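Have a look at the structure below, then the notes.
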Amino acid sequence: MTALSELRRASASELARMLAGGHRFDPAELAGRTYAGVSLGLPHAIERLTWVKFAKAFARDPATGRLRGHNLRVLQDGLDRPWRPRERNGRPVVFGHFEVVSHRGGVILDYRRGGSPLRPAALLRDPLVSLSGGSAELLLGRSLIALGGRQLATPSFFALLWPG
């Protein structure tokens with residue numbers, strides 16, 4: 001299994017190779033889980049303006065049975081500290097709603113299906129692969145922008161770690 005510290009040190013080309021060589025996994029394993037997320041591949045100046053730590057929560061929609069999810073903002077207090085949600089008015093701050101879809105045998109987080117198609121995030125598609133031999137314990141993803149039938153790679157990769 002690839003350690004988080006190795007992923008943080010990896011170059012964009014190394015992360016792209018890991019993503020291309022990753023393992024398929026059963027998306028049903030995501031249901032009911034909240035993963036600790038870590039941004040990868042972004043310059044440190046961008047990380048300071050945005051975040052390094054975040055979380056992704058997954059759940060089945062009781063009305064449709066579809067697997068959906070959202071991102072949670074977490075306190076930026078170091079990777080050696082627990083992931084604790086940021087709150088506003090006593091409630092976790094959530095953003096970036098998506099639907100988990102299978103596409104050509106792989107798993108994609110589709111932000112277009114997560115809410116209003118007029119949001120800028122609706123252009124995002126995040127392919128996910130397993131780095132732990134096909135289990136959903138350690139996942140690697142990358143944010144792609146869907147424009148005009150094409151998917152353009154961004155420099156933004158991320159790891160999802162199941163803390164359970």
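All residue names refer to the structure tokens as shown: chains lettered A, B, ... in order, residues numbered from 1 in each chain, ligands numbered from 1 in order.
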6 Å contact set for stretch 32-41 of chain A, only C-alpha atoms, chain neighbours under 5 positions out, as a ChimeraX atom specification: /A:8,12,52-59,156-162
All alpha helix (DSSP H) positions in stretch 2-163 of chain A, as a PyMOL selection string: chain A and resi 4-9+12-20+44-49
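Interatomic distance, atom CA of A:Pro155 to atom CA of A:Phe25: 23.7 Å.
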Just want the 7 Å neighbourhood of stretch 83-95 of chain A, counted on only C-alpha atoms, with same-chain residues fewer than 6 positions away dropped. Output as a ChimeraX atom specification. /A:36,70-75
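Using only C-alpha atoms, the shortest contact distance between A:Ile108 and any of A:Glu14, A:Glu137, A:Asp26, A:Asp61 is found at A:Asp26.
One finds atom CA of A:Arg81 at 28.9 Å from atom CA of A:Arg17.
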Would you return as a PyMOL selection string the members of chain A that DSSP assigns to strand (DSSP E) on this structure's backbone? chain A and resi 34-40+53-60+67-73+87-88+91-92+94-103+106-110+124-132+135-147+150-161
Give me the residues within 10 Å of A:Val101 as a CSV table (one decimal) with C-alpha atoms, in the first residue's frame, counting only C-alpha atoms and dropping any in the same chain fewer than 4 places off.
```
chain,number,residue,atom,x,y,z
A,27,PRO,CA,-18.4,1.4,-5.8
A,66,ARG,CA,-28.3,6.0,-6.3
A,67,LEU,CA,-25.0,6.4,-4.6
A,68,ARG,CA,-24.4,10.1,-4.0
A,105,GLY,CA,-15.8,-0.4,-15.7
A,106,GLY,CA,-14.4,2.4,-13.6
A,107,VAL,CA,-15.8,4.7,-10.9
A,108,ILE,CA,-16.4,8.4,-11.5
A,109,LEU,CA,-17.7,11.1,-9.2
A,110,ASP,CA,-19.9,13.1,-11.5
A,113,ARG,CA,-25.4,14.9,-11.4
A,127,PRO,CA,-12.2,9.3,-11.8
```
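Between A:Tyr111 and the residues A:Pro82, A:Gly134, A:Gly21, A:Gly96, the shortest atom-to-atom distance, using only C-alpha atoms, involves A:Gly96.
Compared by their closest atoms to A:Arg125, and using only C-alpha atoms, the residues A:Leu138, A:Thr154, A:Leu42, A:Arg104 rank with A:Thr154 nearest.
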So how far away is atom CA of A:Leu128 from atom CA of A:Glu29, in Å? 12.7 Å
